[in-house]
Structure formats: C-alpha cells, structure tokens
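Containing compact mmCIF, N, CA, C and O atoms: entry.txt.
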```txt
# COMPACT_ATOMS: atom_id res chain seq x y z
N MET A 33 77.57 -13.63 287.35
CA MET A 33 76.39 -12.80 287.24
C MET A 33 76.73 -11.42 286.69
O MET A 33 76.00 -10.90 285.86
N SER A 34 77.81 -10.82 287.17
CA SER A 34 78.13 -9.48 286.71
C SER A 34 78.62 -9.50 285.26
O SER A 34 78.45 -8.53 284.55
N GLY A 35 79.22 -10.60 284.81
CA GLY A 35 79.64 -10.72 283.41
C GLY A 35 78.44 -10.71 282.49
O GLY A 35 78.46 -10.13 281.40
N SER A 36 77.37 -11.36 282.90
CA SER A 36 76.15 -11.38 282.10
C SER A 36 75.50 -9.99 282.04
O SER A 36 75.01 -9.57 281.00
N LEU A 37 75.52 -9.28 283.17
CA LEU A 37 74.98 -7.93 283.21
C LEU A 37 75.81 -6.99 282.33
O LEU A 37 75.26 -6.15 281.61
N PHE A 38 77.12 -7.16 282.37
CA PHE A 38 78.00 -6.34 281.54
C PHE A 38 77.74 -6.58 280.07
O PHE A 38 77.68 -5.63 279.27
N ASP A 39 77.55 -7.85 279.68
CA ASP A 39 77.24 -8.16 278.28
C ASP A 39 75.91 -7.53 277.85
O ASP A 39 75.79 -7.05 276.72
N LEU A 40 74.95 -7.53 278.74
CA LEU A 40 73.66 -6.92 278.44
C LEU A 40 73.80 -5.41 278.26
O LEU A 40 73.23 -4.83 277.32
N VAL A 41 74.56 -4.78 279.13
CA VAL A 41 74.77 -3.33 279.03
C VAL A 41 75.50 -2.99 277.74
O VAL A 41 75.16 -2.03 277.05
N VAL A 42 76.50 -3.78 277.37
CA VAL A 42 77.24 -3.55 276.13
C VAL A 42 76.32 -3.72 274.92
O VAL A 42 76.36 -2.92 273.98
N ALA A 43 75.46 -4.73 274.95
CA ALA A 43 74.54 -4.96 273.84
C ALA A 43 73.55 -3.80 273.71
O ALA A 43 73.28 -3.32 272.59
N VAL A 44 73.02 -3.33 274.81
CA VAL A 44 72.09 -2.21 274.78
C VAL A 44 72.80 -0.94 274.29
O VAL A 44 72.24 -0.15 273.51
N ALA A 45 74.03 -0.72 274.73
CA ALA A 45 74.79 0.45 274.30
C ALA A 45 75.07 0.38 272.80
O ALA A 45 74.97 1.40 272.10
N ARG A 46 75.40 -0.79 272.28
CA ARG A 46 75.62 -0.94 270.84
C ARG A 46 74.35 -0.63 270.05
O ARG A 46 74.39 0.04 269.01
N ILE A 47 73.24 -1.12 270.52
CA ILE A 47 71.97 -0.87 269.84
C ILE A 47 71.65 0.63 269.88
O ILE A 47 71.21 1.21 268.88
N ALA A 48 71.88 1.29 271.02
CA ALA A 48 71.61 2.72 271.15
C ALA A 48 72.50 3.53 270.21
O ALA A 48 72.03 4.47 269.55
N VAL A 49 73.77 3.17 270.12
CA VAL A 49 74.69 3.87 269.22
C VAL A 49 74.26 3.65 267.77
O VAL A 49 74.29 4.58 266.96
N PHE A 50 73.87 2.44 267.44
CA PHE A 50 73.42 2.14 266.08
C PHE A 50 72.20 2.98 265.70
O PHE A 50 72.15 3.58 264.63
N PHE A 51 71.21 3.05 266.58
CA PHE A 51 70.01 3.83 266.30
C PHE A 51 70.33 5.33 266.25
O PHE A 51 69.77 6.06 265.42
N ALA A 52 71.19 5.81 267.11
CA ALA A 52 71.57 7.23 267.07
C ALA A 52 72.26 7.55 265.75
O ALA A 52 72.00 8.60 265.15
N PHE A 53 73.12 6.66 265.28
CA PHE A 53 73.78 6.86 263.99
C PHE A 53 72.76 6.87 262.86
O PHE A 53 72.82 7.73 261.98
N CYS A 54 71.82 5.93 262.88
CA CYS A 54 70.81 5.86 261.82
C CYS A 54 69.93 7.10 261.82
O CYS A 54 69.65 7.66 260.76
N PHE A 55 69.50 7.56 262.98
CA PHE A 55 68.65 8.75 263.04
C PHE A 55 69.41 9.99 262.60
O PHE A 55 68.86 10.86 261.92
N GLY A 56 70.67 10.09 262.97
CA GLY A 56 71.49 11.20 262.50
C GLY A 56 71.68 11.16 261.00
O GLY A 56 71.66 12.19 260.32
N LEU A 57 71.85 9.97 260.44
CA LEU A 57 72.00 9.81 259.01
C LEU A 57 70.72 10.18 258.28
O LEU A 57 70.76 10.79 257.21
N VAL A 58 69.58 9.86 258.85
CA VAL A 58 68.30 10.22 258.24
C VAL A 58 68.15 11.74 258.16
O VAL A 58 67.71 12.27 257.15
N VAL A 59 68.56 12.44 259.20
CA VAL A 59 68.47 13.89 259.21
C VAL A 59 69.35 14.48 258.11
O VAL A 59 68.92 15.35 257.34
N VAL A 60 70.57 14.00 258.00
CA VAL A 60 71.50 14.52 256.98
C VAL A 60 71.01 14.18 255.58
O VAL A 60 71.04 15.03 254.68
N MET A 61 70.53 12.98 255.37
CA MET A 61 70.07 12.58 254.04
C MET A 61 68.81 13.35 253.64
O MET A 61 68.63 13.68 252.46
N THR A 62 67.94 13.66 254.59
CA THR A 62 66.75 14.47 254.28
C THR A 62 67.17 15.87 253.86
O THR A 62 66.64 16.42 252.89
N TRP A 63 68.14 16.45 254.57
CA TRP A 63 68.64 17.77 254.22
C TRP A 63 69.27 17.76 252.82
O TRP A 63 69.01 18.67 252.01
N VAL A 64 70.07 16.74 252.53
CA VAL A 64 70.72 16.64 251.22
C VAL A 64 69.67 16.49 250.12
O VAL A 64 69.77 17.12 249.06
N GLU A 65 68.65 15.68 250.35
CA GLU A 65 67.61 15.47 249.35
C GLU A 65 66.85 16.77 249.07
O GLU A 65 66.57 17.10 247.92
N ARG A 66 66.54 17.52 250.11
CA ARG A 66 65.81 18.78 249.92
C ARG A 66 66.66 19.82 249.21
O ARG A 66 66.17 20.56 248.36
N LYS A 67 67.94 19.88 249.55
CA LYS A 67 68.84 20.82 248.86
C LYS A 67 68.98 20.44 247.39
O LYS A 67 69.00 21.30 246.52
N GLY A 68 69.09 19.14 247.12
CA GLY A 68 69.19 18.69 245.73
C GLY A 68 67.94 18.98 244.95
O GLY A 68 67.99 19.43 243.79
N ALA A 69 66.78 18.74 245.55
CA ALA A 69 65.52 19.01 244.86
C ALA A 69 65.35 20.51 244.60
O ALA A 69 64.89 20.92 243.54
N ALA A 70 65.74 21.33 245.56
CA ALA A 70 65.65 22.78 245.37
C ALA A 70 66.59 23.24 244.27
O ALA A 70 66.26 24.12 243.48
N TYR A 71 67.77 22.65 244.19
CA TYR A 71 68.73 23.02 243.15
C TYR A 71 68.21 22.61 241.77
O TYR A 71 68.32 23.37 240.81
N ILE A 72 67.63 21.43 241.69
CA ILE A 72 67.12 20.95 240.41
C ILE A 72 65.92 21.79 239.96
O ILE A 72 65.82 22.17 238.79
N GLN A 73 65.01 22.10 240.87
CA GLN A 73 63.81 22.84 240.51
C GLN A 73 64.11 24.32 240.28
O GLN A 73 63.50 24.94 239.42
N ASP A 74 65.04 24.89 241.04
CA ASP A 74 65.43 26.29 240.94
C ASP A 74 64.21 27.21 240.90
O ASP A 74 64.03 28.03 240.01
N ARG A 75 63.35 27.03 241.88
CA ARG A 75 62.14 27.85 241.95
C ARG A 75 62.48 29.23 242.50
O ARG A 75 63.38 29.40 243.30
N ARG A 76 61.71 30.19 242.10
CA ARG A 76 61.90 31.55 242.60
C ARG A 76 61.20 31.68 243.95
O ARG A 76 60.00 31.48 244.06
N GLY A 77 61.97 32.00 244.95
CA GLY A 77 61.42 32.16 246.28
C GLY A 77 61.02 33.60 246.53
O GLY A 77 61.09 34.45 245.65
N PRO A 78 60.59 33.90 247.76
CA PRO A 78 60.12 35.24 248.06
C PRO A 78 61.22 36.31 247.97
O PRO A 78 60.94 37.48 247.79
N ASN A 79 62.48 35.89 248.08
CA ASN A 79 63.55 36.88 247.99
C ASN A 79 63.99 37.14 246.56
O ASN A 79 64.81 38.01 246.32
N ARG A 80 63.45 36.40 245.57
CA ARG A 80 63.81 36.62 244.17
C ARG A 80 62.61 36.87 243.28
O ARG A 80 62.75 37.15 242.11
N ALA A 81 61.41 36.76 243.80
CA ALA A 81 60.20 36.92 242.98
C ALA A 81 59.88 38.39 242.80
O ALA A 81 59.97 39.19 243.72
N ASP A 82 59.49 38.75 241.58
CA ASP A 82 59.08 40.12 241.29
C ASP A 82 57.56 40.20 241.23
O ASP A 82 56.91 39.35 240.64
N ILE A 83 57.00 41.21 241.85
CA ILE A 83 55.57 41.47 241.78
C ILE A 83 55.41 42.80 241.07
O ILE A 83 55.73 43.85 241.64
N LEU A 84 54.97 42.76 239.83
CA LEU A 84 54.82 43.94 239.00
C LEU A 84 56.14 44.73 238.90
O LEU A 84 56.17 45.96 238.96
N GLY A 85 57.23 44.00 238.80
CA GLY A 85 58.54 44.62 238.64
C GLY A 85 59.20 45.07 239.93
O GLY A 85 60.29 45.62 239.90
N VAL A 86 58.56 44.85 241.07
CA VAL A 86 59.13 45.25 242.36
C VAL A 86 59.35 44.00 243.18
O VAL A 86 58.45 43.17 243.31
N ARG A 87 60.52 43.89 243.74
CA ARG A 87 60.80 42.73 244.60
C ARG A 87 60.22 42.99 245.99
O ARG A 87 60.46 44.04 246.59
N ALA A 88 59.46 42.02 246.47
CA ALA A 88 58.79 42.18 247.76
C ALA A 88 59.80 42.28 248.89
O ALA A 88 59.61 43.03 249.84
N TRP A 89 60.90 41.55 248.81
CA TRP A 89 61.88 41.57 249.88
C TRP A 89 62.56 42.92 249.97
O TRP A 89 62.83 43.42 251.04
N ASP A 90 62.82 43.55 248.81
CA ASP A 90 63.45 44.87 248.81
C ASP A 90 62.56 45.90 249.48
O ASP A 90 63.03 46.78 250.18
N CYS A 91 61.25 45.82 249.24
CA CYS A 91 60.32 46.77 249.83
C CYS A 91 60.31 46.65 251.35
O CYS A 91 60.28 47.65 252.06
N SER A 92 60.34 45.44 251.84
CA SER A 92 60.28 45.26 253.29
C SER A 92 61.55 45.77 253.95
O SER A 92 61.51 46.30 255.05
N THR A 93 62.70 45.64 253.29
CA THR A 93 63.93 46.14 253.90
C THR A 93 64.00 47.65 253.83
O THR A 93 64.57 48.28 254.70
N ARG A 94 63.42 48.26 252.81
CA ARG A 94 63.43 49.72 252.73
C ARG A 94 62.62 50.33 253.87
O ARG A 94 63.00 51.33 254.44
N TRP A 95 61.47 49.73 254.18
CA TRP A 95 60.64 50.29 255.24
C TRP A 95 61.30 50.11 256.60
O TRP A 95 61.12 50.93 257.50
N ARG A 96 62.06 49.04 256.79
CA ARG A 96 62.70 48.81 258.08
C ARG A 96 63.87 49.77 258.31
O ARG A 96 64.19 50.08 259.45
N THR A 97 64.52 50.22 257.25
CA THR A 97 65.70 51.06 257.43
C THR A 97 65.35 52.52 257.65
O THR A 97 66.21 53.30 257.99
N ARG A 98 64.14 52.90 257.44
CA ARG A 98 63.75 54.32 257.62
C ARG A 98 63.50 54.65 259.05
O ARG A 98 63.18 53.97 259.90
```
Could you write out this structure as structure tokens?
Amino acid sequence: MSGSLFDLVVAVARIAVFFAFCFGLVVVMTWVERKGAAYIQDRRGPNRADILGVRAWDCSTRWRTR
C-alpha cells in the first residue's frame, strides 16, 4: 500500500515540477519576445521624446532637484 502511495506522490511531484518549469519558461520567453520587439521597433519612449525641442524627462528632473 505504501509503495503505491509513494508512486502517486512521485508522479504528482513530477507533474508539479514540469508545470513549474513550463510556467517559468513562459515568463522568460515573454520577456525575451518583448525585448526583441522593442529592439526591432526602436520606438522613442518618454525618456527620449522631444516636445518642441525640450525633453519631458529632463524637465521633470530639473524641477525635482531644486
């Protein structure tokens, strides 16, 4: 009886490890895909965009340092 219970526990543990590995892999692959897409698109974000020749991020840091 205990051998059967042990086999069941081992099977459940294997399935749990497999799913944990798959979910971890999904997180990493999503991050890699987003980084790759951002690199390919090379869009200007709020820290590099100019509004009438003035960078918005620079203005916000100037006001904070005063």
Find the axis-aligned box for region 39-46 of chain A, covering all its listed atoms and adding 8 Å on each side, and write its centre and edge lengths in Å to one decimal as JSON.
```
{"center_x": 74.8, "center_y": -3.4, "center_z": 274.3, "size_x": 21.5, "size_y": 25.6, "size_z": 26.7}
```
For this session: Quote the spacing between atom N of Arg46 (chain A) and atom N of Ser34 (chain A) in Å to one decimal place.
Result: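 Atom-to-atom, atom N of Arg46 (chain A) and atom N of Ser34 (chain A) are spaced 18.1 Å apart.
The two atoms in question, atom N of Ser36 (chain A) and CA of Phe50 (chain A), are spaced 21.9 Å apart.
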Generate a file for region 49-63 of chain A, containing all heavy atoms, as a short mmCIF file (atom, residue, chain, number, x, y, z; two decimals), in the first residue's frame.
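Printed below is out39.cif as written:
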```
data_model
loop_
_atom_site.label_atom_id
_atom_site.label_comp_id
_atom_site.auth_asym_id
_atom_site.auth_seq_id
_atom_site.Cartn_x
_atom_site.Cartn_y
_atom_site.Cartn_z
N VAL A 49 6.64 19.76 -10.97
CA VAL A 49 7.92 20.30 -11.43
C VAL A 49 7.84 20.64 -12.92
O VAL A 49 8.34 21.67 -13.36
CB VAL A 49 9.06 19.31 -11.14
CG1 VAL A 49 10.34 19.71 -11.87
CG2 VAL A 49 9.31 19.21 -9.65
N PHE A 50 7.20 19.78 -13.69
CA PHE A 50 7.05 20.03 -15.13
C PHE A 50 6.27 21.32 -15.38
O PHE A 50 6.67 22.16 -16.18
CB PHE A 50 6.35 18.85 -15.80
CG PHE A 50 6.02 19.09 -17.24
CD1 PHE A 50 7.01 19.08 -18.21
CD2 PHE A 50 4.72 19.36 -17.63
CE1 PHE A 50 6.71 19.31 -19.54
CE2 PHE A 50 4.41 19.60 -18.95
CZ PHE A 50 5.42 19.57 -19.92
N PHE A 51 5.15 21.51 -14.69
CA PHE A 51 4.35 22.71 -14.87
C PHE A 51 5.09 23.96 -14.37
O PHE A 51 5.00 25.02 -14.98
CB PHE A 51 2.99 22.59 -14.19
CG PHE A 51 1.98 21.85 -15.03
CD1 PHE A 51 1.47 20.64 -14.61
CD2 PHE A 51 1.56 22.36 -16.24
CE1 PHE A 51 0.55 19.95 -15.37
CE2 PHE A 51 0.64 21.69 -17.01
CZ PHE A 51 0.13 20.48 -16.59
N ALA A 52 5.81 23.85 -13.27
CA ALA A 52 6.58 24.99 -12.78
C ALA A 52 7.65 25.38 -13.80
O ALA A 52 7.87 26.57 -14.05
CB ALA A 52 7.23 24.65 -11.44
N PHE A 53 8.30 24.40 -14.40
CA PHE A 53 9.30 24.69 -15.43
C PHE A 53 8.65 25.35 -16.63
O PHE A 53 9.18 26.34 -17.16
CB PHE A 53 10.00 23.39 -15.85
CG PHE A 53 10.96 23.58 -16.99
CD1 PHE A 53 12.20 24.15 -16.77
CD2 PHE A 53 10.61 23.19 -18.27
CE1 PHE A 53 13.08 24.34 -17.82
CE2 PHE A 53 11.49 23.38 -19.33
CZ PHE A 53 12.73 23.95 -19.10
N CYS A 54 7.50 24.85 -17.07
CA CYS A 54 6.82 25.43 -18.23
C CYS A 54 6.37 26.85 -17.95
O CYS A 54 6.55 27.74 -18.80
CB CYS A 54 5.62 24.58 -18.62
SG CYS A 54 6.08 23.02 -19.39
N PHE A 55 5.81 27.11 -16.78
CA PHE A 55 5.36 28.47 -16.46
C PHE A 55 6.54 29.42 -16.34
O PHE A 55 6.46 30.58 -16.76
CB PHE A 55 4.54 28.47 -15.18
CG PHE A 55 3.20 27.81 -15.32
CD1 PHE A 55 2.62 27.15 -14.26
CD2 PHE A 55 2.50 27.86 -16.52
CE1 PHE A 55 1.38 26.55 -14.39
CE2 PHE A 55 1.27 27.25 -16.66
CZ PHE A 55 0.71 26.59 -15.59
N GLY A 56 7.64 28.96 -15.77
CA GLY A 56 8.84 29.79 -15.71
C GLY A 56 9.39 30.08 -17.10
O GLY A 56 9.84 31.19 -17.39
N LEU A 57 9.33 29.09 -17.98
CA LEU A 57 9.80 29.28 -19.35
C LEU A 57 8.91 30.27 -20.10
O LEU A 57 9.40 31.08 -20.88
CB LEU A 57 9.83 27.93 -20.08
CG LEU A 57 10.49 27.92 -21.45
CD1 LEU A 57 11.96 28.30 -21.33
CD2 LEU A 57 10.36 26.55 -22.08
N VAL A 58 7.62 30.23 -19.84
CA VAL A 58 6.70 31.17 -20.48
C VAL A 58 7.03 32.60 -20.07
O VAL A 58 7.04 33.51 -20.90
CB VAL A 58 5.23 30.83 -20.13
CG1 VAL A 58 4.30 31.96 -20.47
CG2 VAL A 58 4.81 29.56 -20.85
N VAL A 59 7.34 32.81 -18.81
CA VAL A 59 7.69 34.15 -18.33
C VAL A 59 8.95 34.65 -19.02
O VAL A 59 9.00 35.78 -19.51
CB VAL A 59 7.88 34.14 -16.79
CG1 VAL A 59 8.49 35.43 -16.31
CG2 VAL A 59 6.56 33.88 -16.10
N VAL A 60 9.96 33.81 -19.10
CA VAL A 60 11.22 34.21 -19.73
C VAL A 60 11.03 34.46 -21.22
O VAL A 60 11.54 35.45 -21.77
CB VAL A 60 12.31 33.14 -19.48
CG1 VAL A 60 13.55 33.42 -20.30
CG2 VAL A 60 12.66 33.09 -18.01
N MET A 61 10.30 33.60 -21.89
CA MET A 61 10.10 33.77 -23.33
C MET A 61 9.26 35.01 -23.64
O MET A 61 9.49 35.68 -24.65
CB MET A 61 9.45 32.51 -23.94
CG MET A 61 10.35 31.30 -23.90
SD MET A 61 11.95 31.57 -24.69
CE MET A 61 11.46 31.79 -26.37
N THR A 62 8.31 35.35 -22.78
CA THR A 62 7.53 36.58 -22.97
C THR A 62 8.43 37.80 -22.83
O THR A 62 8.36 38.74 -23.63
CB THR A 62 6.38 36.65 -21.95
OG1 THR A 62 5.55 35.51 -22.12
CG2 THR A 62 5.57 37.91 -22.13
N TRP A 63 9.31 37.78 -21.84
CA TRP A 63 10.25 38.88 -21.64
C TRP A 63 11.19 39.02 -22.85
O TRP A 63 11.42 40.13 -23.34
CB TRP A 63 11.05 38.65 -20.37
CG TRP A 63 12.07 39.69 -20.11
CD1 TRP A 63 11.87 40.95 -19.63
CD2 TRP A 63 13.48 39.58 -20.33
NE1 TRP A 63 13.06 41.62 -19.52
CE2 TRP A 63 14.07 40.80 -19.95
CE3 TRP A 63 14.30 38.56 -20.79
CZ2 TRP A 63 15.44 41.02 -20.03
CZ3 TRP A 63 15.65 38.77 -20.88
CH2 TRP A 63 16.22 40.00 -20.50
#
```
